[in-house]
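Participant: Data file final-v7.tsv (TSV, C-alpha atoms) is appended below.
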chain	number	residue	atom	x	y	z
A	148	MET	CA	-14.04	9.75	-10.96
A	149	LYS	CA	-13.85	11.47	-14.36
A	150	ALA	CA	-12.66	14.67	-12.70
A	151	ALA	CA	-9.91	12.77	-10.90
A	152	LEU	CA	-8.72	11.09	-14.10
A	153	ALA	CA	-8.78	14.43	-15.91
A	154	ASP	CA	-6.41	15.97	-13.37
A	155	HIS	CA	-2.75	15.93	-14.47
A	156	ASN	CA	-1.31	15.18	-11.05
A	157	ALA	CA	-3.92	12.54	-10.24
A	158	ARG	CA	-3.19	10.71	-13.51
A	159	ARG	CA	0.56	10.76	-12.86
A	160	TYR	CA	0.11	9.57	-9.30
A	161	LEU	CA	-2.26	6.74	-10.20
A	162	SER	CA	0.01	5.65	-13.06
A	163	ALA	CA	2.90	5.43	-10.59
A	164	VAL	CA	0.71	3.38	-8.22
A	165	VAL	CA	-0.19	0.92	-10.97
A	166	GLY	CA	3.39	0.57	-12.19
A	167	SER	CA	5.09	0.20	-8.83
A	168	GLY	CA	2.27	-1.97	-7.51
A	169	PHE	CA	2.63	-4.32	-10.45
A	170	GLY	CA	6.36	-4.78	-9.91
A	171	THR	CA	5.97	-5.11	-6.16
A	172	MET	CA	3.25	-7.77	-6.28
A	173	ALA	CA	5.19	-9.74	-8.91
A	174	LEU	CA	8.31	-9.80	-6.74
A	175	SER	CA	6.40	-10.47	-3.50
A	176	LEU	CA	5.27	-13.85	-4.82
A	177	VAL	CA	8.44	-14.65	-6.73
A	178	ALA	CA	10.66	-14.00	-3.68
A	179	GLY	CA	9.16	-17.00	-1.88
A	180	ILE	CA	9.37	-19.19	-4.97
A	181	TRP	CA	12.97	-18.10	-5.52
A	182	VAL	CA	14.03	-18.92	-1.95
A	183	LYS	CA	12.21	-22.26	-2.09
A	184	SER	CA	13.91	-23.18	-5.37
A	185	LEU	CA	17.37	-22.31	-3.98
A	186	THR	CA	17.09	-23.77	-0.48
A	187	GLY	CA	14.21	-26.25	-0.58
A	188	SER	CA	13.02	-24.76	2.74
A	189	ASP	CA	9.34	-23.93	3.23
A	190	SER	CA	10.06	-21.93	6.39
A	191	LEU	CA	12.64	-19.72	4.67
A	192	ALA	CA	10.26	-19.21	1.76
A	193	GLY	CA	7.55	-18.12	4.19
A	194	LEU	CA	9.97	-15.72	5.87
A	195	THR	CA	10.07	-13.57	2.74
A	196	ALA	CA	6.56	-12.26	3.43
A	197	PHE	CA	7.62	-11.34	6.98
A	198	CYS	CA	10.51	-9.28	5.59
A	199	PHE	CA	8.11	-7.37	3.35
A	200	TRP	CA	5.70	-6.45	6.12
A	201	ALA	CA	7.72	-6.28	9.37
A	202	PRO	CA	8.89	-2.65	8.86
A	203	THR	CA	5.24	-1.54	9.00
A	204	ALA	CA	5.59	-1.70	12.79
A	205	ALA	CA	8.16	1.14	12.55
A	206	GLY	CA	5.70	3.33	10.64
A	207	PRO	CA	5.48	6.23	13.12
A	208	ALA	CA	9.26	6.68	13.30
A	209	LEU	CA	9.73	6.35	9.53
A	210	GLY	CA	6.88	8.79	8.90
A	211	ALA	CA	8.56	11.35	11.18
A	212	LEU	CA	11.73	10.91	9.12
A	213	VAL	CA	9.76	11.76	5.96
A	214	ASP	CA	8.45	14.96	7.55
A	215	LEU	CA	11.99	15.95	8.59
A	216	LEU	CA	13.60	15.25	5.20
A	217	GLY	CA	10.72	16.51	3.05
A	218	ALA	CA	8.07	14.37	1.40
A	219	ARG	CA	8.91	15.07	-2.24
A	220	PRO	CA	12.65	14.24	-2.01
A	221	VAL	CA	11.82	11.06	-0.10
A	222	LEU	CA	9.22	10.13	-2.72
A	223	ILE	CA	11.69	10.47	-5.58
A	224	TRP	CA	14.86	9.16	-3.97
A	225	THR	CA	13.26	6.14	-2.33
A	226	ASN	CA	12.20	4.97	-5.79
A	227	VAL	CA	15.69	5.63	-7.17
A	228	VAL	CA	17.49	3.87	-4.31
A	229	MET	CA	15.17	0.85	-4.41
A	230	GLY	CA	15.60	0.51	-8.16
A	231	ALA	CA	19.37	0.42	-7.62
A	232	ALA	CA	19.18	-1.88	-4.57
A	233	LEU	CA	17.15	-4.43	-6.49
A	234	CYS	CA	20.07	-4.84	-8.89
A	235	LEU	CA	21.96	-6.52	-6.04
A	236	LEU	CA	19.65	-9.49	-6.54
A	237	PHE	CA	21.36	-10.20	-9.87
A	238	LEU	CA	24.16	-11.60	-7.69
A	239	VAL	CA	21.95	-14.26	-6.07
A	240	ARG	CA	22.90	-17.60	-7.58
A	241	SER	CA	23.20	-20.12	-4.69
A	242	PRO	CA	21.72	-20.91	-1.26
A	243	GLY	CA	24.67	-19.16	0.37
A	244	GLN	CA	23.59	-15.86	-1.20
A	245	VAL	CA	19.96	-16.01	-0.03
A	246	TRP	CA	20.85	-13.63	2.84
A	247	LEU	CA	21.25	-10.92	0.22
A	248	LEU	CA	17.69	-11.51	-0.95
A	249	PHE	CA	16.38	-11.19	2.62
A	250	ALA	CA	18.37	-8.00	3.17
A	251	VAL	CA	16.90	-6.40	0.06
A	252	LEU	CA	13.40	-7.51	1.06
A	253	VAL	CA	13.75	-5.80	4.46
A	254	LEU	CA	14.90	-2.66	2.65
A	255	TYR	CA	11.90	-3.12	0.37
A	256	GLY	CA	9.61	-3.19	3.41
A	257	VAL	CA	11.13	0.05	4.71
A	258	SER	CA	10.54	1.63	1.30
A	259	PHE	CA	6.84	0.66	1.51
A	260	VAL	CA	6.43	2.69	4.67
A	261	LEU	CA	8.47	5.66	3.40
A	262	LEU	CA	6.60	5.82	0.10
A	263	ASP	CA	3.16	5.50	1.68
A	264	ALA	CA	3.96	8.29	4.13
A	265	ALA	CA	5.48	10.54	1.46
A	266	GLU	CA	2.56	9.98	-0.92
A	267	ALA	CA	0.09	10.86	1.83
A	268	ALA	CA	1.98	14.09	2.49
A	269	VAL	CA	2.30	15.11	-1.16
A	270	LEU	CA	-1.17	14.16	-2.38
A	271	PRO	CA	-3.17	16.93	-0.61
A	272	ALA	CA	-0.87	19.51	-2.23
A	273	ALA	CA	-0.96	17.78	-5.62
A	274	VAL	CA	-4.74	17.48	-6.11
A	275	PRO	CA	-7.69	19.62	-4.99
A	276	GLU	CA	-9.23	18.56	-1.67
A	277	ALA	CA	-12.52	17.73	-3.43
A	278	LEU	CA	-10.71	15.07	-5.48
A	279	LEU	CA	-9.00	13.33	-2.54
A	280	PRO	CA	-11.82	10.79	-1.91
A	281	ALA	CA	-11.97	9.79	-5.57
A	282	VAL	CA	-8.17	9.54	-5.90
A	283	ASN	CA	-7.90	7.46	-2.72
A	284	GLY	CA	-10.66	5.17	-3.95
A	285	LEU	CA	-9.06	4.78	-7.38
A	286	ARG	CA	-5.75	4.03	-5.69
A	287	MET	CA	-7.42	1.20	-3.79
A	288	SER	CA	-8.94	-0.19	-7.00
A	289	ALA	CA	-5.67	0.12	-8.90
A	290	SER	CA	-3.73	-1.62	-6.14
A	291	GLU	CA	-6.20	-4.50	-6.04
A	292	GLY	CA	-6.16	-4.82	-9.80
A	293	THR	CA	-2.40	-5.25	-9.82
A	294	ARG	CA	-2.68	-7.65	-6.87
A	295	LEU	CA	-4.85	-9.93	-9.02
A	296	ALA	CA	-2.79	-9.82	-12.21
A	297	ALA	CA	0.84	-9.30	-11.17
A	298	PRO	CA	1.52	-12.53	-9.20
A	299	LEU	CA	0.43	-14.65	-12.16
A	300	LEU	CA	2.70	-12.75	-14.54
A	301	GLY	CA	5.55	-12.76	-12.03
A	302	ALA	CA	5.33	-16.53	-11.50
A	303	GLY	CA	5.17	-17.12	-15.24
A	304	LEU	CA	8.12	-14.82	-15.91
A	305	PHE	CA	10.15	-16.56	-13.17
A	306	THR	CA	9.38	-19.96	-14.68
A	307	VAL	CA	10.38	-18.88	-18.18
A	308	ALA	CA	13.28	-16.49	-17.55
A	309	GLY	CA	14.26	-16.82	-13.88
A	310	GLY	CA	14.46	-14.36	-11.01
A	311	ASP	CA	16.65	-11.88	-12.89
A	312	ALA	CA	13.81	-11.06	-15.28
A	313	VAL	CA	11.42	-10.30	-12.42
A	314	VAL	CA	14.05	-8.14	-10.72
A	315	ALA	CA	14.62	-6.20	-13.93
A	316	LEU	CA	10.86	-5.63	-14.28
A	317	ASP	CA	10.54	-4.39	-10.72
A	318	ALA	CA	13.58	-2.12	-10.99
A	319	ALA	CA	12.08	-0.59	-14.15
A	320	THR	CA	8.80	0.14	-12.32
A	321	PHE	CA	10.73	1.95	-9.58
A	322	ALA	CA	12.48	4.06	-12.22
A	323	ALA	CA	9.13	4.88	-13.82
A	324	GLY	CA	7.69	5.72	-10.42
A	325	ALA	CA	10.53	8.15	-9.68
A	326	TRP	CA	9.92	9.93	-13.00
A	327	LEU	CA	6.13	10.06	-12.69
A	328	LEU	CA	6.11	11.25	-9.08
A	329	GLY	CA	8.95	13.69	-9.75
A	330	SER	CA	6.89	15.29	-12.52
A	331	LEU	CA	3.95	16.16	-10.26
A	332	ARG	CA	3.09	19.86	-10.46
A	333	LEU	CA	3.18	21.13	-6.90
A	334	PRO	CA	2.75	24.68	-5.59
A	335	ALA	CA	5.96	26.68	-5.52
A	336	ALA	CA	7.88	26.20	-2.29
A	337	PRO	CA	9.75	28.94	-0.44
A	338	ALA	CA	13.38	29.48	-1.38
A	339	ARG	CA	14.54	27.88	1.85
A	340	ARG	CA	12.99	25.13	3.93
A	341	ALA	CA	11.51	26.18	7.22
A	342	ARG	CA	13.85	25.57	10.16
A	343	VAL	CA	13.16	22.26	11.87
A	344	THR	CA	12.32	23.00	15.49
A	345	ARG	CA	11.28	19.51	16.59
A	346	GLY	CA	13.52	16.48	16.56
A	347	TRP	CA	12.76	13.05	15.18
A	348	ALA	CA	11.60	11.46	18.43
A	349	ALA	CA	9.49	14.47	19.40
A	350	ARG	CA	7.90	14.56	15.96
A	351	THR	CA	7.05	10.85	16.19
A	352	ALA	CA	5.28	11.53	19.48
A	353	ASP	CA	3.55	14.58	17.98
A	354	GLY	CA	2.11	12.42	15.21
A	355	ALA	CA	0.57	9.93	17.62
A	356	ARG	CA	-0.67	12.75	19.84
A	357	PHE	CA	-2.40	14.48	16.93
A	358	LEU	CA	-3.90	11.27	15.55
A	359	PHE	CA	-5.43	10.19	18.84
A	360	GLY	CA	-6.22	13.74	19.96
A	361	ASP	CA	-8.58	14.51	17.07
A	362	PRO	CA	-12.02	12.98	17.82
A	363	LEU	CA	-12.82	12.08	14.21
A	364	LEU	CA	-9.41	10.59	13.41
A	365	ARG	CA	-9.30	8.66	16.68
A	366	ARG	CA	-12.73	7.14	16.05
A	367	LEU	CA	-11.98	6.24	12.42
A	368	VAL	CA	-8.56	4.72	13.10
A	369	LEU	CA	-9.48	2.73	16.21
A	370	SER	CA	-12.69	1.44	14.61
A	371	GLY	CA	-10.72	0.57	11.47
A	372	ALA	CA	-8.04	-1.23	13.51
A	373	ALA	CA	-10.70	-3.37	15.20
A	374	LEU	CA	-12.20	-4.23	11.81
A	375	MET	CA	-8.77	-5.12	10.41
A	376	LEU	CA	-8.29	-7.42	13.41
A	377	VAL	CA	-11.57	-9.09	12.44
A	378	SER	CA	-10.35	-9.38	8.84
A	379	GLY	CA	-7.26	-11.21	10.10
A	380	VAL	CA	-9.38	-13.69	12.06
A	381	SER	CA	-11.64	-14.20	9.04
A	382	GLY	CA	-8.64	-14.74	6.78
A	383	ALA	CA	-7.13	-17.28	9.16
A	384	VAL	CA	-10.20	-19.54	9.03
A	385	VAL	CA	-10.80	-19.38	5.28
A	386	PHE	CA	-9.27	-22.83	4.71
A	387	ALA	CA	-11.57	-24.28	7.38
A	388	VAL	CA	-14.53	-22.64	5.64
A	389	VAL	CA	-13.54	-24.22	2.33
A	390	ASP	CA	-12.70	-27.65	3.80
A	391	GLN	CA	-15.24	-28.17	6.59
A	392	GLY	CA	-18.06	-25.96	5.36
A	393	LEU	CA	-17.97	-26.27	1.58
A	394	HIS	CA	-16.12	-29.61	1.32
A	395	ARG	CA	-13.92	-28.27	-1.45
A	396	GLU	CA	-10.22	-28.56	-2.16
A	397	PRO	CA	-7.89	-25.87	-0.72
A	398	GLY	CA	-7.45	-24.41	-4.20
A	399	PHE	CA	-11.01	-23.09	-4.02
A	400	THR	CA	-9.69	-20.34	-1.73
A	401	GLY	CA	-8.20	-18.82	-4.90
A	402	VAL	CA	-11.70	-18.48	-6.37
A	403	LEU	CA	-12.94	-16.74	-3.22
A	404	SER	CA	-9.88	-14.48	-3.22
A	405	ALA	CA	-10.54	-13.45	-6.82
A	406	ILE	CA	-14.19	-12.65	-6.00
A	407	GLN	CA	-13.07	-10.59	-3.01
A	408	GLY	CA	-10.55	-8.79	-5.22
A	409	GLY	CA	-13.33	-7.90	-7.65
A	410	GLY	CA	-15.32	-6.50	-4.74
A	411	THR	CA	-12.33	-4.40	-3.66
A	412	ILE	CA	-11.98	-2.92	-7.14
A	413	LEU	CA	-15.68	-2.03	-7.15
A	414	GLY	CA	-15.51	-0.69	-3.59
A	415	GLY	CA	-12.60	1.58	-4.46
A	416	LEU	CA	-14.34	2.94	-7.55
A	417	ILE	CA	-17.49	4.00	-5.69
A	418	ALA	CA	-15.86	5.05	-2.40
A	419	GLY	CA	-15.17	8.61	-3.57
A	420	PRO	CA	-18.70	9.52	-4.70
A	421	VAL	CA	-20.22	7.89	-1.60
A	422	LEU	CA	-17.82	9.69	0.73
A	423	ARG	CA	-18.69	13.08	-0.73
A	424	ARG	CA	-22.37	12.42	0.00
A	425	ILE	CA	-22.21	10.95	3.51
A	426	GLY	CA	-18.81	11.90	4.99
A	427	GLU	CA	-15.97	9.85	6.41
A	428	ALA	CA	-17.65	8.62	9.60
A	429	ARG	CA	-20.75	7.25	7.88
A	430	LEU	CA	-18.72	5.76	5.03
A	431	SER	CA	-16.52	3.91	7.54
A	432	ALA	CA	-19.57	2.68	9.46
A	433	ALA	CA	-21.32	1.52	6.28
A	434	GLY	CA	-18.23	-0.28	5.02
A	435	GLY	CA	-17.59	-1.87	8.40
A	436	LEU	CA	-21.16	-3.15	8.68
A	437	LEU	CA	-21.05	-4.58	5.15
A	438	PHE	CA	-17.81	-6.32	6.03
A	439	THR	CA	-19.11	-7.79	9.28
A	440	VAL	CA	-22.20	-9.11	7.48
A	441	SER	CA	-19.81	-10.85	5.10
A	442	VAL	CA	-17.92	-12.41	8.02
A	443	ALA	CA	-21.14	-13.86	9.46
A	444	LEU	CA	-22.26	-15.13	6.04
A	445	ARG	CA	-19.02	-17.11	5.66
A	446	ALA	CA	-20.33	-19.46	8.35
A	447	THR	CA	-23.10	-20.60	5.98
A	448	PRO	CA	-22.11	-23.94	4.36
A	449	TRP	CA	-23.37	-23.02	0.89
A	450	GLU	CA	-21.11	-21.88	-1.94
A	451	PRO	CA	-23.30	-19.06	-3.36
A	452	VAL	CA	-23.62	-17.47	0.09
A	453	VAL	CA	-19.87	-17.72	0.76
A	454	ALA	CA	-19.20	-16.22	-2.67
A	455	VAL	CA	-21.51	-13.28	-1.87
A	456	ALA	CA	-19.72	-12.95	1.47
A	457	SER	CA	-16.38	-12.64	-0.33
A	458	LEU	CA	-17.80	-9.95	-2.62
A	459	LEU	CA	-19.21	-7.97	0.32
A	460	SER	CA	-15.92	-8.28	2.18
A	461	GLY	CA	-14.03	-6.80	-0.75
A	462	LEU	CA	-16.65	-4.08	-1.17
A	463	GLY	CA	-16.91	-2.93	2.44
A	464	LEU	CA	-13.39	-3.00	3.87
A	465	PRO	CA	-11.92	-0.48	1.37
A	466	TRP	CA	-14.52	2.07	2.51
A	467	VAL	CA	-13.12	1.85	6.04
A	468	LEU	CA	-9.58	2.51	4.81
A	469	VAL	CA	-10.49	5.23	2.30
A	470	ALA	CA	-12.49	7.05	4.98
A	471	ALA	CA	-9.62	6.93	7.49
A	472	PHE	CA	-6.85	8.02	5.13
A	473	THR	CA	-8.92	10.73	3.45
A	474	ALA	CA	-9.70	12.21	6.86
A	475	VAL	CA	-6.01	12.07	7.80
A	476	GLN	CA	-5.04	13.89	4.60
A	477	ARG	CA	-7.79	16.48	5.02
A	478	ILE	CA	-7.35	17.33	8.69
A	479	THR	CA	-3.66	16.92	9.54
A	480	PRO	CA	-1.30	19.94	9.30
A	481	ARG	CA	0.96	19.55	6.29
A	482	ASP	CA	4.20	19.62	8.25
A	483	LEU	CA	3.05	16.59	10.30
A	484	LEU	CA	1.14	14.73	7.62
A	485	ALA	CA	3.68	12.00	6.80
A	486	THR	CA	4.12	11.16	10.50
A	487	VAL	CA	0.39	10.98	11.19
A	488	SER	CA	-0.30	9.00	8.02
A	489	ALA	CA	2.42	6.45	8.79
A	490	THR	CA	1.17	6.13	12.37
A	491	ALA	CA	-2.37	5.55	11.12
A	492	ASN	CA	-1.02	2.98	8.67
A	493	THR	CA	0.66	1.06	11.49
A	494	VAL	CA	-2.39	1.21	13.76
A	495	LEU	CA	-4.65	0.01	10.95
A	496	PHE	CA	-2.58	-2.80	9.44
A	497	VAL	CA	-0.65	-4.40	12.29
A	498	PRO	CA	-3.92	-5.80	13.77
A	499	THR	CA	-4.39	-7.86	10.60
A	500	ALA	CA	-1.33	-9.97	11.44
A	501	VAL	CA	-2.45	-10.18	15.08
A	502	GLY	CA	-5.90	-11.34	13.96
A	503	MET	CA	-4.41	-14.04	11.75
A	504	ALA	CA	-2.35	-15.41	14.64
A	505	LEU	CA	-5.33	-15.18	16.99
A	506	GLY	CA	-7.66	-16.90	14.53
A	507	ALA	CA	-5.19	-19.68	13.84
A	508	GLY	CA	-4.72	-20.28	17.57
A	509	LEU	CA	-8.43	-20.27	18.41
A	510	LEU	CA	-9.18	-22.54	15.48
A	511	ALA	CA	-7.21	-25.25	17.28
A	512	LEU	CA	-9.64	-24.97	20.21
A	513	THR	CA	-13.02	-24.60	18.51
A	514	SER	CA	-14.74	-24.80	15.12
A	515	TYR	CA	-14.68	-21.95	12.67
A	516	ARG	CA	-18.38	-20.99	12.95
A	517	PRO	CA	-18.30	-19.65	16.55
A	518	LEU	CA	-15.16	-17.73	15.64
A	519	LEU	CA	-16.83	-16.08	12.66
A	520	TYR	CA	-19.97	-15.20	14.62
A	521	ALA	CA	-17.95	-13.74	17.50
A	522	ALA	CA	-15.75	-11.78	15.07
A	523	ALA	CA	-18.83	-10.46	13.25
A	524	ILE	CA	-20.38	-9.21	16.50
A	525	GLY	CA	-17.15	-7.50	17.53
A	526	GLY	CA	-16.77	-5.94	14.09
A	527	ALA	CA	-20.35	-4.65	14.10
A	528	LEU	CA	-19.76	-2.96	17.47
A	529	ALA	CA	-16.57	-1.38	16.15
A	530	ALA	CA	-18.29	-0.11	13.00
A	531	ALA	CA	-21.20	1.29	15.02
A	532	CYS	CA	-18.76	3.45	16.99
A	533	CYS	CA	-18.53	5.72	13.96
A	534	LEU	CA	-22.29	6.36	14.16
A	535	ARG	CA	-22.35	7.42	17.81
A	536	PRO	CA	-23.78	10.94	18.25
A	537	GLY	CA	-21.63	13.83	19.36
A	538	LEU	CA	-18.75	13.21	16.96
A	539	PRO	CA	-17.40	16.63	15.88
A	540	ARG	CA	-17.37	17.24	12.17
A	541	SER	CA	-13.88	18.37	11.27
A	542	ASP	CA	-13.64	20.53	8.17
A	543	GLY	CA	-9.90	21.10	8.17
A	544	ALA	CA	-10.31	24.71	9.30
A	545	GLN	CA	-7.67	24.18	11.95
A	546	ARG	CA	-4.90	24.43	9.37
A	547	SER	CA	-4.15	26.65	6.46
A	548	PRO	CA	-3.67	25.00	3.06
A	549	ARG	CA	-0.20	26.56	3.07
A	550	ASP	CA	0.92	25.11	6.40
A	551	GLY	CA	4.07	23.05	6.02
A	552	ARG	CA	4.11	23.48	2.25
A	553	SER	CA	7.88	23.92	2.30
A	554	ASP	CA	8.24	20.31	3.45
A	555	LEU	CA	7.21	19.17	-0.01
A	556	ALA	CA	10.14	20.73	-1.78
Could you render the structure as structure tokens?

Facilitator:
Amino acid sequence: MKAALADHNARRYLSAVVGSGFGTMALSLVAGIWVKSLTGSDSLAGLTAFCFWAPTAAGPALGALVDLLGARPVLIWTNVVMGAALCLLFLVRSPGQVWLLFAVLVLYGVSFVLLDAAEAAVLPAAVPEALLPAVNGLRMSASEGTRLAAPLLGAGLFTVAGGDAVVALDAATFAAGAWLLGSLRLPAAPARRARVTRGWAARTADGARFLFGDPLLRRLVLSGAALMLVSGVSGAVVFAVVDQGLHREPGFTGVLSAIQGGGTILGGLIAGPVLRRIGEARLSAAGGLLFTVSVALRATPWEPVVAVASLLSGLGLPWVLVAAFTAVQRITPRDLLATVSATANTVLFVPTAVGMALGAGLLALTSYRPLLYAAAIGGALAAACCLRPGLPRSDGAQRSPRDGRSDLA
């Protein structure tokens, strides 16, 4: 971890993550409050979260676009464009202008996917391969830290100064992100970009083909997707756990969420050192098994046990994600890295929403305990897939460190 923080590029990158993450999380909460205050509609307020996350489903296509345009220009200009687009929200003053807020939020969701893909493509060129696990782990911790603090500040700032103040804060973080990421010291690129020989649709297909064609990546991503599905089911029944199991008010879910957030910060901090010792497959399996234990423990109607379950959930699930994305960054050819990373992002995170819908539906048919036990068993089987013998150990030898380097310029 010290080596990662001592690296110039790693410090700049993590600073950009903290800054942009802070502004994003502040606005993500305030958007719903803003819509509710203007329209009085709970359904429209809830739709703001959908606008943020819906573009994730288009991840493979947007990732291919990043590879075609070049990761570094996309990284810089997406921040610049979003900072400017947010200024349109200064015009929102009445219910009739709420459409403008939704339009910007959809654009915001697209920027999430573009930035994640571009960061994944730039990072292996920006930091030594040995530092990738630590940087990815620190990114997870930094993101969770802002997730805990930013919504409270955003809500307070909205109450005191209104939506314009939150918009100004978020636009400033995009400007800072553009400067920090633009100042990364990357290897010199050739004078001219390599000629693009594959179109957008073909490149999108190439990304999926590479992701599911590599035995290690396929195992990590599919196992991770199953575990994220379980996390969605577990998240959907949390209010039933608090109400029926612990006999507490719904607000107690905030306490459990904070404990889980603390676990995520800890999990991100130690993911790098653990990954270097045991490798991606074992790290994913260990994190998945910890997480599934936490799911089963949530069925216990005793507050200390449920609190421990929340901590273990936050600790284990980041290991699954860090293992998958580090392997993607290490193995994928540079000229296809944004496409593969965005595809992996879609495969990993879309099941969370599916799991939430599934859990909510099943909860209407049965109690929460059988759901948690069934989810824990399914998650344990998925995690164990990463421990099956015969999994090739990929060392990245199939690509040269210079492959696709021109796409970063």

Participant: Which polymer residues have any atom within 10 Å of an atom of A:Ala507, counting all atoms listed in the file, with same-chain residues fewer than 6 positions away left out, as a list in words?

Facilitator: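 Those residues are Gly379, Val380, Ser381, Gly382, Ala383, Val384, Val501 and Tyr515 of chain A.
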
Participant: Please list as number ranges by chain every residue within 10 Å of A:Ala192, counting all atoms listed in the file and excluding residues in the same chain fewer than 3 positions away.

Facilitator: A: 176-189, 195-197

Participant: Which residue, A:Arg365, A:Arg445, A:Arg356, A:Arg350, has the smallest gap to A:Ser457 when you use all atoms listed in the file?

Facilitator: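 Counting all atoms listed in the file, the residue closest to A:Ser457 is A:Arg445.
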
Participant: Using all atoms listed in the file, which residues sit within 9 Å of A:Ala281 once same-chain residues fewer than 3 positions away are excluded, as a ChimeraX atom specification?

Facilitator: /A:148,150-151,277-278,284-286,415-420,422-423

Participant: Rounded to one decimal place, report the atom CA of A:Ala443-atom CA of A:Pro517 distance in Å.

Facilitator: 9.6 Å

Participant: From the set A:Leu413, A:Val475, A:Leu519, A:Pro397, which residue has the shortest atom-to-atom contact distance to A:Leu444, counting only C-alpha atoms?

Facilitator: A:Leu519

Participant: So which residues touch stretch 400-411 of chain A within 8 Å, counting all atoms listed in the file, skipping near sequence neighbours fewer than 4 positions away, as a PyMOL selection string?

Facilitator: chain A and resi 287-288+291-292+295+385-386+389+415+454+457-465

Participant: Find, counting only C-alpha atoms, the residue in A:Ala523, A:Val282, A:Glu450, A:Trp200 that gets nearest to A:Asp390.

Facilitator: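 Using only C-alpha atoms, A:Asp390 sits closest to A:Glu450.
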
Participant: When you count all atoms listed in the file, which of these residues is closest to A:Gly301: A:Gly256, A:Gly392, A:Gly170, A:Pro271?

Facilitator: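 Checking each candidate against A:Gly301, we get A:Gly170 as the closest.
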
Participant: Please list as a list in words every residue within 12 Å of A:Leu235, counting only C-alpha atoms and excluding residues in the same chain fewer than 3 positions away.

Facilitator: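 What passes the distance filter is Val228, Met229, Gly230, Ala231, Ala232, Leu238, Val239, Arg240, Gln244, Val245, Trp246, Leu247, Leu248, Phe249, Ala250, Val251, Leu252, Leu254, Gly310, Asp311, Val314, Ala315 and Ala318 of chain A.
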
Participant: The centre and edge lengths of an axis-aligned box containing all atoms of stretch 444-454 of chain A present in the file, extended by 5 Å on each side, are to be given in Å to one decimal, as lines of an AutoDock Vina configuration file.

Facilitator:
center_x = -21.3
center_y = -19.5
center_z = 2.5
size_x = 14.6
size_y = 18.8
size_z = 21.7

Participant: Can you measure atom CA of A:Ala325 to atom CA of A:Leu495 for me? One decimal in Å is fine.

Facilitator: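 Distance reported for this atom pair: 26.9 Å.
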
Participant: Return the single residue from A:Val469, A:Met503, A:Leu430, A:Leu509 that is closest to A:Ala531, with distances computed using only C-alpha atoms.

Facilitator: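 Answer, going by the shortest atom-to-atom distance: A:Leu430.
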
Participant: Do you have the atom CA of A:Ala265-atom CA of A:Ala218 distance handy?

Facilitator: 4.6 Å

Participant: Of the candidates A:Val269, A:Ile223, A:Val467, A:Leu331, which one gets nearest to A:Ala530 if we count all atoms listed in the file?

Facilitator: A:Val467
